[in-house]
Amino acid sequence: DELERITREPVGAKELQRAQNQWEAAWISELTTANDLANVLGEWDSLGLRGTLPDLPARIRQVTPADVTRVARAYLRRDRSLYGYLRPR
């Protein structure tokens with residue numbers, strides 16, 4: 001299953017690049033208005049992170065397959081997972 005695979009095997013370079021591209025495209029498309037940008041700045045400022053916002057795309061591009069594996073092993077553990085089932089009426 002995918003949860004176990006990502007903790008055992010590094011993601012491929014193409015898969016990681018595709019994910020980074022998708023993230024960046026979504027990031028740009030979500031910031032289409034001044035109000036959108038103001039909301040993001042407000043959220044990041046409330047977390048004390050606004051100064052890091054301009055560097056975010058470059059930092060996302062610096063993520064390596066080893067980083068993904070390391071974080072997956074720390075956080076995507078079966079004993080921490082929650083499953084839900086949607087049943088039709």
# chains A, B, ... in the order shown; residues from 1 in each chain; ligands from 1

$ residues_around --residues "Glu24 in chain A" --least-positions-apart "3" --cutoff "10 Å" --atoms "only C-alpha atoms" --output "list in words"
Arg18, Ala19, Gln20, Asn21, Trp27, Ile28, Ser29, Glu30, Leu56, Pro57, Ala58, Ile60 and Arg61 of chain A

$ write_last_selection --atoms "N, CA, C and O atoms" --output "short mmCIF file (atom, residue, chain, number, x, y, z; two decimals), in the first residue's frame"
data_model
loop_
_atom_site.label_atom_id
_atom_site.label_comp_id
_atom_site.auth_asym_id
_atom_site.auth_seq_id
_atom_site.Cartn_x
_atom_site.Cartn_y
_atom_site.Cartn_z
N ARG A 18 7.17 16.40 -10.26
CA ARG A 18 5.76 16.61 -10.60
C ARG A 18 5.00 17.18 -9.40
O ARG A 18 4.23 18.12 -9.53
N ALA A 19 5.25 16.64 -8.20
CA ALA A 19 4.58 17.14 -7.00
C ALA A 19 4.98 18.58 -6.71
O ALA A 19 4.14 19.41 -6.35
N GLN A 20 6.26 18.89 -6.89
CA GLN A 20 6.71 20.27 -6.67
C GLN A 20 6.08 21.22 -7.68
O GLN A 20 5.66 22.32 -7.32
N ASN A 21 6.00 20.79 -8.93
CA ASN A 21 5.36 21.61 -9.97
C ASN A 21 3.89 21.83 -9.66
O ASN A 21 3.37 22.94 -9.82
N TRP A 27 -0.12 27.03 -5.76
CA TRP A 27 0.26 28.19 -4.94
C TRP A 27 0.04 29.48 -5.73
O TRP A 27 -0.56 30.44 -5.25
N ILE A 28 0.49 29.50 -6.97
CA ILE A 28 0.34 30.70 -7.80
C ILE A 28 -1.12 30.96 -8.12
O ILE A 28 -1.59 32.10 -8.04
N SER A 29 -1.86 29.91 -8.45
CA SER A 29 -3.26 30.11 -8.82
C SER A 29 -4.12 30.54 -7.64
O SER A 29 -5.17 31.15 -7.83
N GLU A 30 -3.69 30.23 -6.42
CA GLU A 30 -4.45 30.64 -5.24
C GLU A 30 -4.18 32.09 -4.85
O GLU A 30 -4.88 32.64 -4.01
N LEU A 56 9.49 30.47 0.13
CA LEU A 56 8.78 29.20 0.15
C LEU A 56 8.90 28.41 -1.15
O LEU A 56 9.25 27.22 -1.09
N PRO A 57 8.66 28.98 -2.32
CA PRO A 57 8.80 28.17 -3.54
C PRO A 57 10.21 27.57 -3.70
O PRO A 57 10.34 26.39 -4.05
N ALA A 58 11.23 28.34 -3.41
CA ALA A 58 12.60 27.81 -3.51
C ALA A 58 12.84 26.71 -2.49
O ALA A 58 13.51 25.71 -2.78
N ILE A 60 10.56 24.68 -1.28
CA ILE A 60 9.84 23.49 -1.75
C ILE A 60 10.66 22.78 -2.82
O ILE A 60 10.75 21.55 -2.83
N ARG A 61 11.29 23.53 -3.70
CA ARG A 61 12.11 22.93 -4.76
C ARG A 61 13.37 22.25 -4.21
O ARG A 61 13.96 21.41 -4.88
#

$ closest_residue --among "A:Asp55, A:Glu9, A:Glu43, A:Glu4" --to "Asp67 in chain A" --atoms "only C-alpha atoms"
A:Glu9
